[in-house]
Amino acid sequence: MNYLIRFSQSHETFRLPEIQSLALIEGIDMKVIFYSLESPFCVVNLPSPDAAARLIRRSILAMSIHELWGSGPDLSAVHAAVQATTRHLWSRYMICSFKFTIDSYQGSRSAEDKVRIINSFAYLGFAGPIQMRRPDEEFILFEDWEFNSTPLGIPDPKYYYFGRYLASGARDLPKKLDLKKRRYISTTSMDAELALVTANLVLAVPGKVIYDPFVGTGSFPIACAQFGALTFGSDIDGRSIRGDEKKRTLRANFEQYGLLAGLGGMFTADLTNSPIRRAELRYDGDGVTGRLFDGIVCDPPYGVREGLRVLGVRDPEKCPWVIPKGKEMYKNPDFIPPRKPYSFLAMLDSILQFSAQTLVDNGRLSFWMPTANDQNQEIPVPKHPYLEIVSVCTQTFNKWSRRLITYRRIPDREVDQEAMKAREEMKPVGKTADELNPFRKAYFSKFEPVDGGFNDAP
Amino acid sequence: MKVLTLNFLSCAVKSCKSSSDSFPLHPKDAELVSDDVELNQQLLVNLLPRIDWNALRTTSTELGFPQLPEQPPTAEELQADAKMLKDLHTLLMETQINEGKLVCGHCGHEYAVREGIANFLLPSHLV
Ligand SMILES: [Zn+2]
C-alpha cells in the first residue's frame, strides 16, 4: 500500500537521504512513488502500517506518516480513489472515536468551507464519537496550494492527499538536544537538528561504533549516542574536549542527556598522525583486518578564521630551533607541539583515506564541507576508490553553502584497483593558508567570480 | 576513556606503526574508575570481531583483571556465556582509565592521560 509522508519544508535536500537511511536501518523495503524538493508531501510504498511507523520513528525531518487512502488534483478525484481502493477498510473505523481535519499547505480555508469539505466524506459511514483530543483515529485531508495562493486569490489547491494518521517523527529530539540548553557548546557546535540528521545518515544504531575525528564539544557523538551508538572522538585541540574541566566539558554533555553508556573514549589527536589502529589498504585485502568503525562522522574545521593546522613545522629551515626545543620540552604537560598549515583538500583526502582504512564493509562516512555557491569556485565532491557516494545534501547560505556528503565503504573486492594506483601518484602542493585552502581564499575574496579581478583581494 | 579504547589505539609515531610492540600501549601509574553501565549484549557481540584478543589479554592482565582465555569466544559462545559477557562488559565498558600514562613498547614514548582524556599529540621531531 502507499503511504504519505508529511515533511517539514526545510532542509529539503536532506529529507530523502534521511528517509532512505532510515529504511536501511529498519530493514524496510521502501519504494519512493513521488518526491519533489518543492513539496512537503512524499508518497512511498511500504509493506505495512507497522513498517510505516518504524520508518519515521527517528526521523528529524518527517513530521508524520499516513496510510494514503486517495489523492488527486481535485476533490472528486480523491473521492473516486477512496471509493475504488479502500472500501474494505471502512468497517474497521465504524465505531471508534475519530477526528477529521484539513491541513492546508500554503493556503487556507474558511470554517464553512472546511465543514462542507469534511461532510463530502460522509459516505465513509463512520458512526463513532467525534473527539478532538486523543481520538482513536485521525483522518486528514492535506491540501497542497500554490505559493502565495491567498493574495493571488487562487480558489483551490493544486493537489489533495487523504489518509489515516499512523505515527509522528522524532521532532522532540532536536528540542531535547537544543544547543541553547546544553551545558557546554562552542561557536562551531553543530545545531541539534542537523547533528541528529547526520546521525541518521551515518546509520547510528544500538550496538554500532561511531568515530568523530574533529569532535569539538561532541555534537555528533551526542546525537549518535542518542540513537544508541557507542561513540569515540578526538580533536587536535584537547581544550575543546576538556572544556573548563569542571561542569562545562564534553563528558558533562553526555551526562546531561543520560547518555554516558554511549561515551566510549575521547582523546587529543591529529588525524594526520592518528593513534587509531589500522591496516594499510591492500588491493587483495581480506577485508577484515583492523577495521573498527561502523560509521565516521565529522565537520572538519573550515579553516576560515585561522586556516587548517596539523602537527609539524612549516619551514624547518627558517626556524631551526623549533624542533630541538620540542625535544627538550615535550614531556612537560603544558607543552603544545607546533602546528603547520595544511591543505583543505589534503585534509578532506586524509579523512577519506582514514575512513577507507577503518570502516567495516558498508560502513558509512558522513562529513560536512563548505563550498562557494558560484559554480566556478565550487569545490568538487572528494572521491576515493574505496568509498561510494550515497548522498550529497546542501544547506545554502547567502554566498556559500555547506554540504553533508555521505559515502559507503565498499568491500575490497569491488574496488577499482587502477583508480587506486592513479590516486597514489597524486600529491598536493602549496604552503600558505590560501594556496592550501580554496574555500578560505574564496571566502576572503567575498566569493566574487574568479574572472572578476577580485581573486587577489586579502 | 573506557578500557575498550585501548584496544583501538597504537603509538601515534609513524615509524612505530610497523612494529608489533607499538600495540597495545601499556598503562603506567593508571588510576581506574568504574561507571555503572547497563550490559549491552548486542554491542559486545558486534565488537568481538574488531577486538584484538591478544592485545586485550595483555591489557587485562596489566590492569590487574583476571586472565582472559587464550582464544576469543565465538559470537555464539559469548551469547551463551553469562559470566564471560559480564567479565568483558566490566572490563571494556565499565572500567575507565582516568589518570596515568600509556607507554609505547617500541619507542618508549609516554602519552599522558588526564581526566580520562589521553593526549596523542607528538612533538615535531616525532612527526
Ligand atoms: Zn612508539
# chains A, B, ... in the order shown; residues from 1 in each chain; ligands from 1
$ interface_residues --of "chain A" --to "chain B" --cutoff "6 Å" --atoms "only C-alpha atoms" --output "list in words"
Gly207, Ala261, Gly264, Gly265, Met266, Phe267, Thr268, Ala269, Asn273, Ser274, Pro275, Ile276, Arg277, Leu292, Gly312, Ile323, Gly326 and Pro337 of chain A
$ select_by_dssp --residues "stretch 376-437 of chain A" --states "strand (DSSP E)" --output "PyMOL selection string"
chain A and resi 387-396+400-409
$ residues_around --residues "B:Ala30" --least-positions-apart "2" --cutoff "9 Å" --atoms "only C-alpha atoms" --output "NGL selection string"
:B and (27-28 or 32 or 63 or 97-102 or 113)
$ residues_around --residues "A:Ile210" --least-positions-apart "2" --cutoff "6 Å" --atoms "only C-alpha atoms" --output "list in words"
Thr231, Phe293, Asp294, Gly295 and Ile296 of chain A
$ residues_around --residues "stretch 395-407 of chain A" --least-positions-apart "5" --cutoff "9 Å" --atoms "only C-alpha atoms" --output "PDB file with N, CA and C atoms, in the first residue's frame"
ATOM      1  N   HIS A  11      15.405  22.200   4.929  1.00  0.00           N
ATOM      2  CA  HIS A  11      16.481  21.238   4.676  1.00  0.00           C
ATOM      3  C   HIS A  11      16.057  20.233   3.608  1.00  0.00           C
ATOM      4  N   GLU A  12      15.502  20.745   2.510  1.00  0.00           N
ATOM      5  CA  GLU A  12      14.864  19.869   1.512  1.00  0.00           C
ATOM      6  C   GLU A  12      15.777  18.767   0.981  1.00  0.00           C
ATOM      7  N   THR A  13      17.055  19.107   0.734  1.00  0.00           N
ATOM      8  CA  THR A  13      17.905  18.086   0.110  1.00  0.00           C
ATOM      9  C   THR A  13      18.328  16.992   1.096  1.00  0.00           C
ATOM     10  N   PHE A  14      18.033  17.188   2.379  1.00  0.00           N
ATOM     11  CA  PHE A  14      18.392  16.178   3.385  1.00  0.00           C
ATOM     12  C   PHE A  14      17.280  15.147   3.595  1.00  0.00           C
ATOM     13  N   THR A 198      22.449  14.013  10.657  1.00  0.00           N
ATOM     14  CA  THR A 198      23.739  13.410  10.323  1.00  0.00           C
ATOM     15  C   THR A 198      23.860  12.023  10.968  1.00  0.00           C
ATOM     16  N   LEU A 201      22.003   9.637   8.904  1.00  0.00           N
ATOM     17  CA  LEU A 201      22.679   9.296   7.641  1.00  0.00           C
ATOM     18  C   LEU A 201      23.860   8.358   7.849  1.00  0.00           C
ATOM     19  N   VAL A 202      24.504   8.462   9.020  1.00  0.00           N
ATOM     20  CA  VAL A 202      25.655   7.590   9.267  1.00  0.00           C
ATOM     21  C   VAL A 202      25.209   6.236   9.864  1.00  0.00           C
ATOM     22  N   ASP A 299      32.617  17.257  11.075  1.00  0.00           N
ATOM     23  CA  ASP A 299      32.523  18.581  10.487  1.00  0.00           C
ATOM     24  C   ASP A 299      33.916  19.182  10.649  1.00  0.00           C
ATOM     25  N   ASN A 362      30.417  -1.645   4.039  1.00  0.00           N
ATOM     26  CA  ASN A 362      29.115  -0.958   4.073  1.00  0.00           C
ATOM     27  C   ASN A 362      28.959   0.033   5.223  1.00  0.00           C
ATOM     28  N   GLY A 363      30.042   0.248   5.975  1.00  0.00           N
ATOM     29  CA  GLY A 363      30.039   1.314   6.968  1.00  0.00           C
ATOM     30  C   GLY A 363      29.995   2.652   6.247  1.00  0.00           C
ATOM     31  N   ARG A 364      29.579   3.692   6.962  1.00  0.00           N
ATOM     32  CA  ARG A 364      29.387   4.979   6.300  1.00  0.00           C
ATOM     33  C   ARG A 364      30.281   6.085   6.856  1.00  0.00           C
ATOM     34  N   LEU A 365      30.695   6.961   5.946  1.00  0.00           N
ATOM     35  CA  LEU A 365      31.341   8.220   6.308  1.00  0.00           C
ATOM     36  C   LEU A 365      30.368   9.335   5.957  1.00  0.00           C
ATOM     37  N   SER A 366      30.045  10.196   6.924  1.00  0.00           N
ATOM     38  CA  SER A 366      29.216  11.374   6.644  1.00  0.00           C
ATOM     39  C   SER A 366      29.989  12.586   7.121  1.00  0.00           C
ATOM     40  N   PHE A 367      30.372  13.446   6.197  1.00  0.00           N
ATOM     41  CA  PHE A 367      31.076  14.629   6.666  1.00  0.00           C
ATOM     42  C   PHE A 367      30.605  15.887   5.966  1.00  0.00           C
ATOM     43  N   TRP A 368      30.798  16.982   6.688  1.00  0.00           N
ATOM     44  CA  TRP A 368      30.374  18.295   6.206  1.00  0.00           C
ATOM     45  C   TRP A 368      31.544  18.998   5.548  1.00  0.00           C
ATOM     46  N   MET A 369      31.282  19.692   4.453  1.00  0.00           N
ATOM     47  CA  MET A 369      32.308  20.562   3.871  1.00  0.00           C
ATOM     48  C   MET A 369      31.665  21.795   3.264  1.00  0.00           C
ATOM     49  N   PRO A 370      32.373  22.932   3.356  1.00  0.00           N
ATOM     50  CA  PRO A 370      31.832  24.161   2.797  1.00  0.00           C
ATOM     51  C   PRO A 370      32.193  24.281   1.321  1.00  0.00           C
ATOM     52  N   THR A 371      31.428  25.046   0.593  1.00  0.00           N
ATOM     53  CA  THR A 371      31.779  25.345  -0.790  1.00  0.00           C
ATOM     54  C   THR A 371      31.157  26.679  -1.182  1.00  0.00           C
ATOM     55  N   ALA A 372      31.714  27.329  -2.204  1.00  0.00           N
ATOM     56  CA  ALA A 372      31.134  28.575  -2.707  1.00  0.00           C
ATOM     57  C   ALA A 372      29.911  28.249  -3.556  1.00  0.00           C
ATOM     58  N   ASN A 373      28.949  29.178  -3.609  1.00  0.00           N
ATOM     59  CA  ASN A 373      27.776  28.950  -4.444  1.00  0.00           C
ATOM     60  C   ASN A 373      28.087  29.134  -5.930  1.00  0.00           C
ATOM     61  N   ASP A 374      29.042  30.028  -6.202  1.00  0.00           N
ATOM     62  CA  ASP A 374      29.439  30.271  -7.587  1.00  0.00           C
ATOM     63  C   ASP A 374      30.043  28.996  -8.181  1.00  0.00           C
ATOM     64  N   VAL A 381      33.103  17.383  -5.057  1.00  0.00           N
ATOM     65  CA  VAL A 381      32.926  16.365  -4.020  1.00  0.00           C
ATOM     66  C   VAL A 381      34.135  15.430  -4.077  1.00  0.00           C
ATOM     67  N   LEU A 387      35.320   4.313  -1.552  1.00  0.00           N
ATOM     68  CA  LEU A 387      34.115   4.931  -0.991  1.00  0.00           C
ATOM     69  C   LEU A 387      33.145   5.335  -2.097  1.00  0.00           C
ATOM     70  N   GLU A 388      31.936   4.846  -1.984  1.00  0.00           N
ATOM     71  CA  GLU A 388      30.906   5.167  -2.975  1.00  0.00           C
ATOM     72  C   GLU A 388      30.009   6.262  -2.397  1.00  0.00           C
ATOM     73  N   ILE A 389      29.734   7.292  -3.213  1.00  0.00           N
ATOM     74  CA  ILE A 389      28.902   8.390  -2.715  1.00  0.00           C
ATOM     75  C   ILE A 389      27.449   7.921  -2.599  1.00  0.00           C
ATOM     76  N   VAL A 390      26.881   8.089  -1.409  1.00  0.00           N
ATOM     77  CA  VAL A 390      25.493   7.704  -1.167  1.00  0.00           C
ATOM     78  C   VAL A 390      24.574   8.901  -1.383  1.00  0.00           C
ATOM     79  N   TYR A 443      36.368  32.725   0.362  1.00  0.00           N
ATOM     80  CA  TYR A 443      35.680  33.402   1.459  1.00  0.00           C
ATOM     81  C   TYR A 443      36.217  34.817   1.629  1.00  0.00           C
ATOM     82  N   LYS A 446      35.399  37.284  -0.918  1.00  0.00           N
ATOM     83  CA  LYS A 446      33.954  37.536  -0.875  1.00  0.00           C
ATOM     84  C   LYS A 446      33.192  36.821  -1.989  1.00  0.00           C
ATOM     85  N   PHE A 447      33.706  35.697  -2.428  1.00  0.00           N
ATOM     86  CA  PHE A 447      33.033  34.876  -3.412  1.00  0.00           C
ATOM     87  C   PHE A 447      32.763  35.602  -4.728  1.00  0.00           C
TER      88      PHE A 447
END
$ residues_around --residues "A:Ile33" --least-positions-apart "5" --cutoff "9 Å" --atoms "only C-alpha atoms" --output "list in words"
Asn2, Cys42, Val43, Val44 and Asn45 of chain A
$ atom_distance --atom1 "atom CA of A:Ala204" --atom2 "atom CA of A:Leu250"
19.2 Å
$ residues_around --residues "stretch 158-165 of chain A" --least-positions-apart "6" --cutoff "6 Å" --atoms "only C-alpha atoms" --output "list in words"
His66, Glu67, Leu68, Trp69, Gly70, Ser71, Gly72, Pro73, Glu138, Phe139, Ile140, Leu141, Phe142, Glu143, Asp144 and Trp145 of chain A
$ write_last_selection --atoms "N, CA and C atoms" --output "PDB file, in the first residue's frame"
ATOM      1  N   HIS A  66       1.146   8.680   7.033  1.00  0.00           N
ATOM      2  CA  HIS A  66      -0.286   8.422   6.937  1.00  0.00           C
ATOM      3  C   HIS A  66      -0.548   7.313   5.928  1.00  0.00           C
ATOM      4  N   GLU A  67      -1.520   6.464   6.250  1.00  0.00           N
ATOM      5  CA  GLU A  67      -1.985   5.479   5.288  1.00  0.00           C
ATOM      6  C   GLU A  67      -2.741   6.260   4.215  1.00  0.00           C
ATOM      7  N   LEU A  68      -2.262   6.200   2.966  1.00  0.00           N
ATOM      8  CA  LEU A  68      -2.832   7.055   1.914  1.00  0.00           C
ATOM      9  C   LEU A  68      -4.060   6.380   1.302  1.00  0.00           C
ATOM     10  N   TRP A  69      -5.211   6.995   1.512  1.00  0.00           N
ATOM     11  CA  TRP A  69      -6.462   6.406   1.018  1.00  0.00           C
ATOM     12  C   TRP A  69      -6.807   6.903  -0.386  1.00  0.00           C
ATOM     13  N   GLY A  70      -6.342   8.104  -0.706  1.00  0.00           N
ATOM     14  CA  GLY A  70      -6.645   8.613  -2.044  1.00  0.00           C
ATOM     15  C   GLY A  70      -5.982   9.950  -2.245  1.00  0.00           C
ATOM     16  N   SER A  71      -5.720  10.309  -3.503  1.00  0.00           N
ATOM     17  CA  SER A  71      -5.138  11.611  -3.797  1.00  0.00           C
ATOM     18  C   SER A  71      -5.571  12.017  -5.198  1.00  0.00           C
ATOM     19  N   GLY A  72      -5.386  13.289  -5.515  1.00  0.00           N
ATOM     20  CA  GLY A  72      -5.764  13.740  -6.855  1.00  0.00           C
ATOM     21  C   GLY A  72      -5.765  15.238  -6.949  1.00  0.00           C
ATOM     22  N   PRO A  73      -5.913  15.756  -8.188  1.00  0.00           N
ATOM     23  CA  PRO A  73      -5.862  17.203  -8.418  1.00  0.00           C
ATOM     24  C   PRO A  73      -7.136  17.927  -7.977  1.00  0.00           C
ATOM     25  N   GLU A 138      -7.262   9.408  13.418  1.00  0.00           N
ATOM     26  CA  GLU A 138      -7.347  10.746  12.864  1.00  0.00           C
ATOM     27  C   GLU A 138      -7.242  10.673  11.349  1.00  0.00           C
ATOM     28  N   PHE A 139      -8.223  11.268  10.669  1.00  0.00           N
ATOM     29  CA  PHE A 139      -8.203  11.316   9.207  1.00  0.00           C
ATOM     30  C   PHE A 139      -7.911  12.748   8.788  1.00  0.00           C
ATOM     31  N   ILE A 140      -6.966  12.875   7.870  1.00  0.00           N
ATOM     32  CA  ILE A 140      -6.546  14.221   7.469  1.00  0.00           C
ATOM     33  C   ILE A 140      -6.605  14.360   5.955  1.00  0.00           C
ATOM     34  N   LEU A 141      -7.193  15.488   5.538  1.00  0.00           N
ATOM     35  CA  LEU A 141      -7.135  15.852   4.125  1.00  0.00           C
ATOM     36  C   LEU A 141      -6.045  16.916   3.982  1.00  0.00           C
ATOM     37  N   PHE A 142      -4.977  16.556   3.271  1.00  0.00           N
ATOM     38  CA  PHE A 142      -3.884  17.511   3.034  1.00  0.00           C
ATOM     39  C   PHE A 142      -4.133  18.244   1.727  1.00  0.00           C
ATOM     40  N   GLU A 143      -3.947  19.555   1.766  1.00  0.00           N
ATOM     41  CA  GLU A 143      -4.092  20.354   0.550  1.00  0.00           C
ATOM     42  C   GLU A 143      -2.750  20.994   0.217  1.00  0.00           C
ATOM     43  N   ASP A 144      -2.321  20.839  -1.020  1.00  0.00           N
ATOM     44  CA  ASP A 144      -1.069  21.450  -1.478  1.00  0.00           C
ATOM     45  C   ASP A 144      -1.415  22.641  -2.366  1.00  0.00           C
ATOM     46  N   TRP A 145      -1.286  23.847  -1.811  1.00  0.00           N
ATOM     47  CA  TRP A 145      -1.643  25.074  -2.540  1.00  0.00           C
ATOM     48  C   TRP A 145      -0.421  25.675  -3.209  1.00  0.00           C
TER      49      TRP A 145
END
$ select_by_dssp --residues "stretch 57-111 of chain A" --states "helix (DSSP H, G or I)" --output "JSON, numbers by chain"
{"A": [75, 76, 77, 78, 79, 80, 81, 82, 83, 84, 85, 87, 88, 89, 90, 91, 92, 93, 111]}
$ closest_residue --among "B:Ala75, B:Leu88, B:Ala55, B:Val103" --to "ligand 1" --atoms "only C-alpha atoms and all ligand atoms"
B:Val103
$ closest_residue --among "B:Val33, B:Cys104, B:Ala82, B:Leu25" --to "B:Leu56" --atoms "only C-alpha atoms"
B:Leu25
$ atom_distance --atom1 "atom CA of A:Gln377" --atom2 "atom CA of A:Leu345"
13.6 Å
$ closest_residue --among "A:Ser64, A:Asn119, A:Asn253, A:Gln226" --to "A:Leu4" --atoms "only C-alpha atoms"
A:Ser64
$ closest_residue --among "B:Gly108, B:His89, B:Leu48, B:Thr95" --to "B:Glu76" --atoms "only C-alpha atoms"
B:Leu48
$ atom_distance --atom1 "atom CA of A:Lys114" --atom2 "atom CA of A:Arg92"
24.7 Å
$ decode --residues "stretch 75-104 of chain B" --atoms "N, CA, C and O atoms" --output "compact mmCIF listing (two decimals), in the first residue's frame"
# COMPACT_ATOMS: atom_id res chain seq x y z
N ALA B 75 30.93 -15.74 18.59
CA ALA B 75 29.73 -14.96 18.92
C ALA B 75 28.72 -15.83 19.67
O ALA B 75 28.13 -15.41 20.66
N GLU B 76 28.55 -17.10 19.21
CA GLU B 76 27.58 -17.99 19.84
C GLU B 76 28.02 -18.33 21.28
O GLU B 76 27.21 -18.31 22.20
N GLU B 77 29.30 -18.62 21.42
CA GLU B 77 29.81 -18.95 22.76
C GLU B 77 29.62 -17.77 23.71
O GLU B 77 29.21 -17.94 24.86
N LEU B 78 29.89 -16.56 23.20
CA LEU B 78 29.77 -15.37 24.05
C LEU B 78 28.32 -15.18 24.49
O LEU B 78 28.04 -14.92 25.67
N GLN B 79 27.39 -15.32 23.54
CA GLN B 79 25.98 -15.12 23.87
C GLN B 79 25.49 -16.12 24.90
O GLN B 79 24.57 -15.84 25.67
N ALA B 80 26.10 -17.31 24.92
CA ALA B 80 25.64 -18.35 25.83
C ALA B 80 26.37 -18.32 27.17
O ALA B 80 26.05 -19.08 28.08
N ASP B 81 27.35 -17.45 27.31
CA ASP B 81 28.21 -17.47 28.49
C ASP B 81 28.01 -16.19 29.31
O ASP B 81 28.67 -15.17 29.07
N ALA B 82 27.10 -16.26 30.27
CA ALA B 82 26.75 -15.07 31.04
C ALA B 82 27.96 -14.49 31.78
O ALA B 82 28.11 -13.27 31.88
N LYS B 83 28.82 -15.39 32.26
CA LYS B 83 29.96 -14.89 33.03
C LYS B 83 30.95 -14.15 32.14
O LYS B 83 31.44 -13.08 32.48
N MET B 84 31.21 -14.75 30.97
CA MET B 84 32.12 -14.09 30.02
C MET B 84 31.57 -12.74 29.60
O MET B 84 32.30 -11.74 29.50
N LEU B 85 30.26 -12.68 29.33
CA LEU B 85 29.63 -11.40 28.97
C LEU B 85 29.85 -10.36 30.05
O LEU B 85 30.24 -9.23 29.80
N LYS B 86 29.60 -10.79 31.28
CA LYS B 86 29.72 -9.87 32.41
C LYS B 86 31.16 -9.40 32.58
O LYS B 86 31.43 -8.21 32.76
N ASP B 87 32.10 -10.36 32.48
CA ASP B 87 33.51 -10.00 32.64
C ASP B 87 33.96 -9.01 31.58
O ASP B 87 34.64 -8.02 31.87
N LEU B 88 33.60 -9.30 30.32
CA LEU B 88 34.01 -8.40 29.23
C LEU B 88 33.34 -7.04 29.38
O LEU B 88 33.95 -6.01 29.14
N HIS B 89 32.07 -7.06 29.78
CA HIS B 89 31.36 -5.81 29.98
C HIS B 89 32.04 -4.96 31.05
O HIS B 89 32.27 -3.76 30.86
N THR B 90 32.38 -5.60 32.16
CA THR B 90 33.03 -4.87 33.26
C THR B 90 34.36 -4.28 32.80
O THR B 90 34.65 -3.11 33.03
N LEU B 91 35.15 -5.10 32.09
CA LEU B 91 36.47 -4.65 31.66
C LEU B 91 36.38 -3.57 30.57
O LEU B 91 36.99 -2.51 30.68
N LEU B 92 35.60 -3.83 29.52
CA LEU B 92 35.62 -2.96 28.34
C LEU B 92 34.74 -1.73 28.46
O LEU B 92 35.07 -0.66 27.96
N MET B 93 33.56 -1.91 29.11
CA MET B 93 32.55 -0.86 29.07
C MET B 93 32.47 -0.05 30.37
O MET B 93 32.12 1.12 30.35
N GLU B 94 32.73 -0.72 31.51
CA GLU B 94 32.54 -0.03 32.79
C GLU B 94 33.82 0.58 33.33
O GLU B 94 33.79 1.60 34.00
N THR B 95 34.95 -0.06 33.03
CA THR B 95 36.20 0.42 33.60
C THR B 95 36.78 1.53 32.74
O THR B 95 36.81 1.43 31.51
N GLN B 96 37.20 2.60 33.40
CA GLN B 96 37.75 3.74 32.69
C GLN B 96 39.14 4.04 33.22
O GLN B 96 39.39 3.96 34.42
N ILE B 97 40.00 4.44 32.30
CA ILE B 97 41.32 4.95 32.73
C ILE B 97 41.17 6.46 32.88
O ILE B 97 40.84 7.16 31.93
N ASN B 98 41.39 6.91 34.11
CA ASN B 98 41.13 8.32 34.41
C ASN B 98 42.42 9.16 34.41
O ASN B 98 42.44 10.27 33.89
N GLU B 99 43.47 8.60 35.00
CA GLU B 99 44.75 9.31 35.06
C GLU B 99 45.85 8.29 34.78
O GLU B 99 45.65 7.09 34.94
N GLY B 100 47.00 8.77 34.39
CA GLY B 100 48.14 7.89 34.19
C GLY B 100 48.81 8.13 32.86
O GLY B 100 48.69 9.21 32.27
N LYS B 101 49.54 7.09 32.41
CA LYS B 101 50.25 7.22 31.14
C LYS B 101 50.03 5.97 30.32
O LYS B 101 49.75 4.89 30.85
N LEU B 102 50.16 6.11 29.00
CA LEU B 102 50.13 4.98 28.09
C LEU B 102 51.49 4.96 27.40
O LEU B 102 51.90 5.94 26.80
N VAL B 103 52.18 3.82 27.52
CA VAL B 103 53.57 3.76 27.07
C VAL B 103 53.71 2.86 25.85
O VAL B 103 53.18 1.75 25.83
N CYS B 104 54.44 3.35 24.84
CA CYS B 104 54.71 2.55 23.64
C CYS B 104 55.84 1.57 23.95
O CYS B 104 56.91 1.96 24.43
